[in-house]
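I have placed the structure first, in the form of structure tokens, so that the comments after it can refer back to it.
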Amino acid sequence: APWDEVDVLPELEVFARLWAHERRVRVASIDVSRNDLPRRLRLERTPALLFFRGDEPASAAPRDFSAVASRDALMEHVLEHTSIKGLERPVDTEQLRELVGALPRLAADAQRLLQENERLSAELDKA
């Protein structure tokens with residue numbers, strides 16, 4: 001699974017934090033070394049990311065999202081497969097902080113590009 005390529009726990013902890021204020025969504029983890037799992041889950045390997053819809057009976061097979069490659073893609077899968085009407089993607093404040101932190105660097109890069117463009121335009125005008 002793609003999740004094998006990253007440290008799963010921190011990613012899933014952030015994912016769980018993002019959904020923590022949404023009372024209609026629950027994110028849970030089970031330590032399989034300390035807990036028995038129902039056979040109906042048919043886990044072939046761990047870690048496994050399983051999605052249970054609230055409108056399906058408990059006996060229904062969960063959707064296996066283990067092949068989902070990133071936290072963002074996992075968000076999209078949850079939104080796509082949920083039975084909850086009007087569920088919206090939670091705001092990722094950590095991602096927003098990173099983007100806001102990058103703004104000064106991007107502004108400086110844009111300024112340098114504008115100056116370079118002006119310099120090259122002036123050279124072309126002379127030619």
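By order in the structure tokens, chains are A, B, ...; within a chain, residues start at 1; ligands start at 1, following the order shown.
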
Quick one: DSSP strand (DSSP E or B) residues in region 23-100 of chain A, as a list in words?
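So, restricting region 23-100 of chain A to strand (DSSP E or B), we get Leu50, Phe51, Arg63 and Asp64 of chain A.
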
Using only C-alpha atoms, the best pick from A:Asp72, A:Glu116, A:Glu80, A:Asp64 as closest to Phe52 (chain A) would be A:Asp64

Nearby residues (only C-alpha atoms) at most 9 Å from Leu41 (chain A), same-chain spacing under 6 positions excluded, as an MDAnalysis selection string
chainID A and resid 50 61:62

Considering only helix (DSSP H, G or I) as DSSP defines it on the backbone, what residues of chain A qualify? List them as a PDB file with N, CA, C and O atoms, in the first residue's frame.
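The resulting file, states07.pdb, is shown below:
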```pdb
ATOM      1  N   PRO A   2       0.420   2.315  -0.637  1.00  0.00           N
ATOM      2  CA  PRO A   2       1.207   3.544  -0.641  1.00  0.00           C
ATOM      3  C   PRO A   2       1.526   4.050   0.758  1.00  0.00           C
ATOM      4  O   PRO A   2       2.513   4.718   0.964  1.00  0.00           O
ATOM      5  N   TRP A   3       0.667   3.758   1.731  1.00  0.00           N
ATOM      6  CA  TRP A   3       0.905   4.218   3.095  1.00  0.00           C
ATOM      7  C   TRP A   3       2.162   3.600   3.681  1.00  0.00           C
ATOM      8  O   TRP A   3       2.704   4.106   4.652  1.00  0.00           O
ATOM      9  N   ASP A   4       2.640   2.501   3.106  1.00  0.00           N
ATOM     10  CA  ASP A   4       3.885   1.903   3.584  1.00  0.00           C
ATOM     11  C   ASP A   4       5.066   2.822   3.322  1.00  0.00           C
ATOM     12  O   ASP A   4       6.092   2.728   3.975  1.00  0.00           O
ATOM     13  N   GLU A   5       4.914   3.728   2.355  1.00  0.00           N
ATOM     14  CA  GLU A   5       6.016   4.595   1.955  1.00  0.00           C
ATOM     15  C   GLU A   5       6.159   5.811   2.863  1.00  0.00           C
ATOM     16  O   GLU A   5       7.129   6.532   2.777  1.00  0.00           O
ATOM     17  N   VAL A   8       2.843   6.367   8.633  1.00  0.00           N
ATOM     18  CA  VAL A   8       1.393   6.414   8.641  1.00  0.00           C
ATOM     19  C   VAL A   8       0.810   7.140   9.849  1.00  0.00           C
ATOM     20  O   VAL A   8      -0.095   7.947   9.712  1.00  0.00           O
ATOM     21  N   LEU A   9       1.334   6.853  11.012  1.00  0.00           N
ATOM     22  CA  LEU A   9       0.727   7.391  12.230  1.00  0.00           C
ATOM     23  C   LEU A   9       0.600   8.910  12.246  1.00  0.00           C
ATOM     24  O   LEU A   9      -0.496   9.432  12.494  1.00  0.00           O
ATOM     25  N   PRO A  10       1.665   9.664  11.977  1.00  0.00           N
ATOM     26  CA  PRO A  10       1.498  11.125  11.980  1.00  0.00           C
ATOM     27  C   PRO A  10       0.465  11.610  10.961  1.00  0.00           C
ATOM     28  O   PRO A  10      -0.319  12.516  11.253  1.00  0.00           O
ATOM     29  N   GLU A  11       0.441  11.011   9.788  1.00  0.00           N
ATOM     30  CA  GLU A  11      -0.530  11.409   8.767  1.00  0.00           C
ATOM     31  C   GLU A  11      -1.956  11.147   9.237  1.00  0.00           C
ATOM     32  O   GLU A  11      -2.846  11.974   9.065  1.00  0.00           O
ATOM     33  N   LEU A  12      -2.178   9.979   9.835  1.00  0.00           N
ATOM     34  CA  LEU A  12      -3.515   9.643  10.297  1.00  0.00           C
ATOM     35  C   LEU A  12      -3.909  10.461  11.524  1.00  0.00           C
ATOM     36  O   LEU A  12      -5.082  10.775  11.706  1.00  0.00           O
ATOM     37  N   GLU A  13      -2.943  10.817  12.345  1.00  0.00           N
ATOM     38  CA  GLU A  13      -3.246  11.674  13.497  1.00  0.00           C
ATOM     39  C   GLU A  13      -3.709  13.055  13.022  1.00  0.00           C
ATOM     40  O   GLU A  13      -4.658  13.618  13.568  1.00  0.00           O
ATOM     41  N   VAL A  14      -3.063  13.587  12.005  1.00  0.00           N
ATOM     42  CA  VAL A  14      -3.494  14.867  11.441  1.00  0.00           C
ATOM     43  C   VAL A  14      -4.875  14.709  10.826  1.00  0.00           C
ATOM     44  O   VAL A  14      -5.771  15.540  11.039  1.00  0.00           O
ATOM     45  N   PHE A  15      -5.085  13.634  10.087  1.00  0.00           N
ATOM     46  CA  PHE A  15      -6.387  13.358   9.480  1.00  0.00           C
ATOM     47  C   PHE A  15      -7.471  13.312  10.561  1.00  0.00           C
ATOM     48  O   PHE A  15      -8.528  13.937  10.429  1.00  0.00           O
ATOM     49  N   ALA A  16      -7.205  12.605  11.656  1.00  0.00           N
ATOM     50  CA  ALA A  16      -8.176  12.503  12.758  1.00  0.00           C
ATOM     51  C   ALA A  16      -8.424  13.866  13.394  1.00  0.00           C
ATOM     52  O   ALA A  16      -9.567  14.219  13.711  1.00  0.00           O
ATOM     53  N   ARG A  17      -7.366  14.658  13.587  1.00  0.00           N
ATOM     54  CA  ARG A  17      -7.522  16.004  14.165  1.00  0.00           C
ATOM     55  C   ARG A  17      -8.397  16.888  13.279  1.00  0.00           C
ATOM     56  O   ARG A  17      -9.212  17.669  13.766  1.00  0.00           O
ATOM     57  N   LEU A  18      -8.224  16.770  11.969  1.00  0.00           N
ATOM     58  CA  LEU A  18      -9.008  17.583  11.050  1.00  0.00           C
ATOM     59  C   LEU A  18     -10.502  17.282  11.158  1.00  0.00           C
ATOM     60  O   LEU A  18     -11.340  18.169  10.993  1.00  0.00           O
ATOM     61  N   TRP A  19     -10.838  16.037  11.426  1.00  0.00           N
ATOM     62  CA  TRP A  19     -12.241  15.626  11.528  1.00  0.00           C
ATOM     63  C   TRP A  19     -12.762  15.672  12.963  1.00  0.00           C
ATOM     64  O   TRP A  19     -13.935  15.378  13.204  1.00  0.00           O
ATOM     65  N   ARG A  39     -13.423 -11.408  12.210  1.00  0.00           N
ATOM     66  CA  ARG A  39     -12.971 -12.075  10.971  1.00  0.00           C
ATOM     67  C   ARG A  39     -13.607 -11.478   9.729  1.00  0.00           C
ATOM     68  O   ARG A  39     -13.027 -11.512   8.652  1.00  0.00           O
ATOM     69  N   ARG A  40     -14.795 -10.937   9.894  1.00  0.00           N
ATOM     70  CA  ARG A  40     -15.494 -10.386   8.725  1.00  0.00           C
ATOM     71  C   ARG A  40     -14.715  -9.244   8.071  1.00  0.00           C
ATOM     72  O   ARG A  40     -14.937  -8.914   6.919  1.00  0.00           O
ATOM     73  N   LEU A  41     -13.774  -8.642   8.808  1.00  0.00           N
ATOM     74  CA  LEU A  41     -12.975  -7.565   8.229  1.00  0.00           C
ATOM     75  C   LEU A  41     -11.974  -8.094   7.208  1.00  0.00           C
ATOM     76  O   LEU A  41     -11.529  -7.365   6.338  1.00  0.00           O
ATOM     77  N   ARG A  71      -2.977  11.846   2.448  1.00  0.00           N
ATOM     78  CA  ARG A  71      -4.018  12.360   3.342  1.00  0.00           C
ATOM     79  C   ARG A  71      -5.074  13.110   2.530  1.00  0.00           C
ATOM     80  O   ARG A  71      -6.272  12.972   2.771  1.00  0.00           O
ATOM     81  N   ASP A  72      -4.650  13.908   1.551  1.00  0.00           N
ATOM     82  CA  ASP A  72      -5.607  14.642   0.724  1.00  0.00           C
ATOM     83  C   ASP A  72      -6.507  13.696  -0.062  1.00  0.00           C
ATOM     84  O   ASP A  72      -7.718  13.917  -0.162  1.00  0.00           O
ATOM     85  N   ALA A  73      -5.916  12.651  -0.625  1.00  0.00           N
ATOM     86  CA  ALA A  73      -6.711  11.676  -1.373  1.00  0.00           C
ATOM     87  C   ALA A  73      -7.667  10.930  -0.443  1.00  0.00           C
ATOM     88  O   ALA A  73      -8.802  10.625  -0.820  1.00  0.00           O
ATOM     89  N   LEU A  74      -7.221  10.656   0.773  1.00  0.00           N
ATOM     90  CA  LEU A  74      -8.080   9.997   1.747  1.00  0.00           C
ATOM     91  C   LEU A  74      -9.280  10.902   2.066  1.00  0.00           C
ATOM     92  O   LEU A  74     -10.415  10.430   2.160  1.00  0.00           O
ATOM     93  N   MET A  75      -9.026  12.193   2.211  1.00  0.00           N
ATOM     94  CA  MET A  75     -10.116  13.155   2.431  1.00  0.00           C
ATOM     95  C   MET A  75     -11.140  13.062   1.306  1.00  0.00           C
ATOM     96  O   MET A  75     -12.344  13.017   1.549  1.00  0.00           O
ATOM     97  N   GLU A  76     -10.649  13.059   0.072  1.00  0.00           N
ATOM     98  CA  GLU A  76     -11.547  13.004  -1.078  1.00  0.00           C
ATOM     99  C   GLU A  76     -12.350  11.703  -1.092  1.00  0.00           C
ATOM    100  O   GLU A  76     -13.540  11.710  -1.418  1.00  0.00           O
ATOM    101  N   HIS A  77     -11.708  10.590  -0.739  1.00  0.00           N
ATOM    102  CA  HIS A  77     -12.423   9.308  -0.677  1.00  0.00           C
ATOM    103  C   HIS A  77     -13.528   9.343   0.371  1.00  0.00           C
ATOM    104  O   HIS A  77     -14.635   8.845   0.134  1.00  0.00           O
ATOM    105  N   VAL A  78     -13.233   9.897   1.524  1.00  0.00           N
ATOM    106  CA  VAL A  78     -14.247   9.986   2.581  1.00  0.00           C
ATOM    107  C   VAL A  78     -15.429  10.813   2.082  1.00  0.00           C
ATOM    108  O   VAL A  78     -16.588  10.403   2.222  1.00  0.00           O
ATOM    109  N   LEU A  79     -15.153  11.961   1.484  1.00  0.00           N
ATOM    110  CA  LEU A  79     -16.230  12.820   0.997  1.00  0.00           C
ATOM    111  C   LEU A  79     -17.023  12.148  -0.117  1.00  0.00           C
ATOM    112  O   LEU A  79     -18.243  12.300  -0.203  1.00  0.00           O
ATOM    113  N   GLU A  80     -16.339  11.390  -0.950  1.00  0.00           N
ATOM    114  CA  GLU A  80     -16.998  10.714  -2.073  1.00  0.00           C
ATOM    115  C   GLU A  80     -17.877   9.556  -1.609  1.00  0.00           C
ATOM    116  O   GLU A  80     -18.942   9.311  -2.169  1.00  0.00           O
ATOM    117  N   HIS A  81     -17.457   8.834  -0.585  1.00  0.00           N
ATOM    118  CA  HIS A  81     -18.152   7.615  -0.176  1.00  0.00           C
ATOM    119  C   HIS A  81     -19.054   7.776   1.040  1.00  0.00           C
ATOM    120  O   HIS A  81     -19.694   6.826   1.461  1.00  0.00           O
ATOM    121  N   THR A  93      -5.701  23.649   8.933  1.00  0.00           N
ATOM    122  CA  THR A  93      -5.007  24.853   9.392  1.00  0.00           C
ATOM    123  C   THR A  93      -3.500  24.720   9.300  1.00  0.00           C
ATOM    124  O   THR A  93      -2.805  25.707   9.071  1.00  0.00           O
ATOM    125  N   GLU A  94      -2.981  23.501   9.458  1.00  0.00           N
ATOM    126  CA  GLU A  94      -1.533  23.308   9.321  1.00  0.00           C
ATOM    127  C   GLU A  94      -1.093  23.609   7.895  1.00  0.00           C
ATOM    128  O   GLU A  94      -0.080  24.268   7.668  1.00  0.00           O
ATOM    129  N   GLN A  95      -1.863  23.136   6.935  1.00  0.00           N
ATOM    130  CA  GLN A  95      -1.548  23.393   5.533  1.00  0.00           C
ATOM    131  C   GLN A  95      -1.665  24.894   5.227  1.00  0.00           C
ATOM    132  O   GLN A  95      -0.834  25.456   4.521  1.00  0.00           O
ATOM    133  N   LEU A  96      -2.685  25.540   5.795  1.00  0.00           N
ATOM    134  CA  LEU A  96      -2.831  26.988   5.599  1.00  0.00           C
ATOM    135  C   LEU A  96      -1.643  27.746   6.169  1.00  0.00           C
ATOM    136  O   LEU A  96      -1.148  28.693   5.548  1.00  0.00           O
ATOM    137  N   ARG A  97      -1.172  27.337   7.344  1.00  0.00           N
ATOM    138  CA  ARG A  97       0.005  28.002   7.942  1.00  0.00           C
ATOM    139  C   ARG A  97       1.222  27.858   7.031  1.00  0.00           C
ATOM    140  O   ARG A  97       1.989  28.800   6.856  1.00  0.00           O
ATOM    141  N   GLU A  98       1.407  26.660   6.479  1.00  0.00           N
ATOM    142  CA  GLU A  98       2.535  26.443   5.565  1.00  0.00           C
ATOM    143  C   GLU A  98       2.426  27.354   4.348  1.00  0.00           C
ATOM    144  O   GLU A  98       3.417  27.949   3.921  1.00  0.00           O
ATOM    145  N   LEU A  99       1.222  27.453   3.795  1.00  0.00           N
ATOM    146  CA  LEU A  99       1.022  28.294   2.616  1.00  0.00           C
ATOM    147  C   LEU A  99       1.248  29.767   2.935  1.00  0.00           C
ATOM    148  O   LEU A  99       1.898  30.485   2.168  1.00  0.00           O
ATOM    149  N   VAL A 100       0.720  30.219   4.065  1.00  0.00           N
ATOM    150  CA  VAL A 100       0.921  31.613   4.461  1.00  0.00           C
ATOM    151  C   VAL A 100       2.404  31.880   4.709  1.00  0.00           C
ATOM    152  O   VAL A 100       2.929  32.927   4.339  1.00  0.00           O
ATOM    153  N   GLY A 101       3.100  30.910   5.303  1.00  0.00           N
ATOM    154  CA  GLY A 101       4.534  31.055   5.537  1.00  0.00           C
ATOM    155  C   GLY A 101       5.333  31.151   4.252  1.00  0.00           C
ATOM    156  O   GLY A 101       6.392  31.781   4.211  1.00  0.00           O
ATOM    157  N   ALA A 102       4.827  30.561   3.189  1.00  0.00           N
ATOM    158  CA  ALA A 102       5.528  30.586   1.902  1.00  0.00           C
ATOM    159  C   ALA A 102       5.289  31.882   1.128  1.00  0.00           C
ATOM    160  O   ALA A 102       6.031  32.184   0.189  1.00  0.00           O
ATOM    161  N   LEU A 103       4.283  32.651   1.510  1.00  0.00           N
ATOM    162  CA  LEU A 103       3.945  33.865   0.760  1.00  0.00           C
ATOM    163  C   LEU A 103       5.092  34.862   0.633  1.00  0.00           C
ATOM    164  O   LEU A 103       5.332  35.372  -0.468  1.00  0.00           O
ATOM    165  N   PRO A 104       5.839  35.177   1.705  1.00  0.00           N
ATOM    166  CA  PRO A 104       6.944  36.133   1.532  1.00  0.00           C
ATOM    167  C   PRO A 104       7.987  35.651   0.516  1.00  0.00           C
ATOM    168  O   PRO A 104       8.476  36.432  -0.301  1.00  0.00           O
ATOM    169  N   ARG A 105       8.301  34.370   0.547  1.00  0.00           N
ATOM    170  CA  ARG A 105       9.275  33.830  -0.411  1.00  0.00           C
ATOM    171  C   ARG A 105       8.727  33.918  -1.829  1.00  0.00           C
ATOM    172  O   ARG A 105       9.434  34.317  -2.766  1.00  0.00           O
ATOM    173  N   LEU A 106       7.449  33.582  -1.987  1.00  0.00           N
ATOM    174  CA  LEU A 106       6.843  33.649  -3.315  1.00  0.00           C
ATOM    175  C   LEU A 106       6.773  35.091  -3.815  1.00  0.00           C
ATOM    176  O   LEU A 106       6.986  35.346  -4.998  1.00  0.00           O
ATOM    177  N   ALA A 107       6.478  36.021  -2.919  1.00  0.00           N
ATOM    178  CA  ALA A 107       6.442  37.438  -3.305  1.00  0.00           C
ATOM    179  C   ALA A 107       7.825  37.899  -3.757  1.00  0.00           C
ATOM    180  O   ALA A 107       7.958  38.617  -4.758  1.00  0.00           O
ATOM    181  N   ALA A 108       8.871  37.486  -3.037  1.00  0.00           N
ATOM    182  CA  ALA A 108      10.240  37.862  -3.412  1.00  0.00           C
ATOM    183  C   ALA A 108      10.600  37.255  -4.764  1.00  0.00           C
ATOM    184  O   ALA A 108      11.211  37.926  -5.614  1.00  0.00           O
ATOM    185  N   ASP A 109      10.215  35.999  -4.991  1.00  0.00           N
ATOM    186  CA  ASP A 109      10.481  35.354  -6.283  1.00  0.00           C
ATOM    187  C   ASP A 109       9.752  36.078  -7.410  1.00  0.00           C
ATOM    188  O   ASP A 109      10.318  36.308  -8.485  1.00  0.00           O
ATOM    189  N   ALA A 110       8.497  36.462  -7.165  1.00  0.00           N
ATOM    190  CA  ALA A 110       7.724  37.175  -8.180  1.00  0.00           C
ATOM    191  C   ALA A 110       8.367  38.527  -8.494  1.00  0.00           C
ATOM    192  O   ALA A 110       8.448  38.931  -9.658  1.00  0.00           O
ATOM    193  N   GLN A 111       8.839  39.206  -7.458  1.00  0.00           N
ATOM    194  CA  GLN A 111       9.496  40.503  -7.658  1.00  0.00           C
ATOM    195  C   GLN A 111      10.750  40.350  -8.507  1.00  0.00           C
ATOM    196  O   GLN A 111      10.986  41.135  -9.428  1.00  0.00           O
ATOM    197  N   ARG A 112      11.557  39.325  -8.216  1.00  0.00           N
ATOM    198  CA  ARG A 112      12.770  39.073  -9.013  1.00  0.00           C
ATOM    199  C   ARG A 112      12.423  38.768 -10.469  1.00  0.00           C
ATOM    200  O   ARG A 112      13.082  39.254 -11.396  1.00  0.00           O
ATOM    201  N   LEU A 113      11.374  37.995 -10.689  1.00  0.00           N
ATOM    202  CA  LEU A 113      10.965  37.662 -12.052  1.00  0.00           C
ATOM    203  C   LEU A 113      10.485  38.904 -12.808  1.00  0.00           C
ATOM    204  O   LEU A 113      10.785  39.071 -13.999  1.00  0.00           O
ATOM    205  N   LEU A 114       9.744  39.761 -12.127  1.00  0.00           N
ATOM    206  CA  LEU A 114       9.298  41.005 -12.762  1.00  0.00           C
ATOM    207  C   LEU A 114      10.481  41.885 -13.148  1.00  0.00           C
ATOM    208  O   LEU A 114      10.516  42.461 -14.243  1.00  0.00           O
ATOM    209  N   GLN A 115      11.462  41.996 -12.263  1.00  0.00           N
ATOM    210  CA  GLN A 115      12.648  42.796 -12.559  1.00  0.00           C
ATOM    211  C   GLN A 115      13.423  42.208 -13.739  1.00  0.00           C
ATOM    212  O   GLN A 115      13.893  42.945 -14.619  1.00  0.00           O
ATOM    213  N   GLU A 116      13.544  40.887 -13.763  1.00  0.00           N
ATOM    214  CA  GLU A 116      14.243  40.228 -14.868  1.00  0.00           C
ATOM    215  C   GLU A 116      13.486  40.444 -16.171  1.00  0.00           C
ATOM    216  O   GLU A 116      14.081  40.690 -17.216  1.00  0.00           O
ATOM    217  N   ASN A 117      12.156  40.385 -16.109  1.00  0.00           N
ATOM    218  CA  ASN A 117      11.338  40.624 -17.291  1.00  0.00           C
ATOM    219  C   ASN A 117      11.528  42.047 -17.802  1.00  0.00           C
ATOM    220  O   ASN A 117      11.662  42.281 -19.012  1.00  0.00           O
ATOM    221  N   GLU A 118      11.549  43.017 -16.905  1.00  0.00           N
ATOM    222  CA  GLU A 118      11.769  44.413 -17.292  1.00  0.00           C
ATOM    223  C   GLU A 118      13.146  44.589 -17.924  1.00  0.00           C
ATOM    224  O   GLU A 118      13.293  45.290 -18.931  1.00  0.00           O
ATOM    225  N   ARG A 119      14.164  43.966 -17.341  1.00  0.00           N
ATOM    226  CA  ARG A 119      15.523  44.057 -17.874  1.00  0.00           C
ATOM    227  C   ARG A 119      15.584  43.476 -19.287  1.00  0.00           C
ATOM    228  O   ARG A 119      16.144  44.077 -20.206  1.00  0.00           O
ATOM    229  N   LEU A 120      14.989  42.306 -19.479  1.00  0.00           N
ATOM    230  CA  LEU A 120      15.009  41.671 -20.797  1.00  0.00           C
ATOM    231  C   LEU A 120      14.197  42.477 -21.811  1.00  0.00           C
ATOM    232  O   LEU A 120      14.597  42.580 -22.987  1.00  0.00           O
ATOM    233  N   SER A 121      13.085  43.044 -21.369  1.00  0.00           N
ATOM    234  CA  SER A 121      12.285  43.885 -22.283  1.00  0.00           C
ATOM    235  C   SER A 121      13.083  45.102 -22.715  1.00  0.00           C
ATOM    236  O   SER A 121      13.053  45.506 -23.896  1.00  0.00           O
ATOM    237  N   ALA A 122      13.818  45.698 -21.787  1.00  0.00           N
ATOM    238  CA  ALA A 122      14.631  46.865 -22.110  1.00  0.00           C
ATOM    239  C   ALA A 122      15.723  46.489 -23.103  1.00  0.00           C
ATOM    240  O   ALA A 122      16.018  47.249 -24.029  1.00  0.00           O
ATOM    241  N   GLU A 123      16.329  45.316 -22.933  1.00  0.00           N
ATOM    242  CA  GLU A 123      17.371  44.861 -23.876  1.00  0.00           C
ATOM    243  C   GLU A 123      16.786  44.653 -25.258  1.00  0.00           C
ATOM    244  O   GLU A 123      17.424  44.992 -26.264  1.00  0.00           O
ATOM    245  N   LEU A 124      15.577  44.082 -25.331  1.00  0.00           N
ATOM    246  CA  LEU A 124      14.950  43.866 -26.633  1.00  0.00           C
ATOM    247  C   LEU A 124      14.605  45.197 -27.305  1.00  0.00           C
ATOM    248  O   LEU A 124      14.700  45.321 -28.522  1.00  0.00           O
ATOM    249  N   ASP A 125      14.191  46.168 -26.512  1.00  0.00           N
ATOM    250  CA  ASP A 125      13.861  47.492 -27.064  1.00  0.00           C
ATOM    251  C   ASP A 125      15.089  48.160 -27.659  1.00  0.00           C
ATOM    252  O   ASP A 125      14.995  48.889 -28.653  1.00  0.00           O
ATOM    253  N   LYS A 126      16.267  47.935 -27.085  1.00  0.00           N
ATOM    254  CA  LYS A 126      17.526  48.519 -27.580  1.00  0.00           C
ATOM    255  C   LYS A 126      17.986  47.843 -28.862  1.00  0.00           C
ATOM    256  O   LYS A 126      18.669  48.469 -29.666  1.00  0.00           O
TER     257      LYS A 126
END
```

Could you pull the residues within 10 Å of Ile84 (chain A), counting only C-alpha atoms, minus those fewer than 4 positions along the same chain, as a list of chain:residue names?
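Returned residues: A:Arg24, A:Val25, A:Arg53, A:Gly54, A:Asp55, A:Leu79, A:Glu80, A:Glu88.
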
Interatomic distance (Å, one decimal) between CA of Val68 (chain A) and CA of Leu49 (chain A)
8.6 Å

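The gap separating CA of Lys85 (chain A) from CA of Ser66 (chain A) is 24.2 Å, in Å to one decimal.
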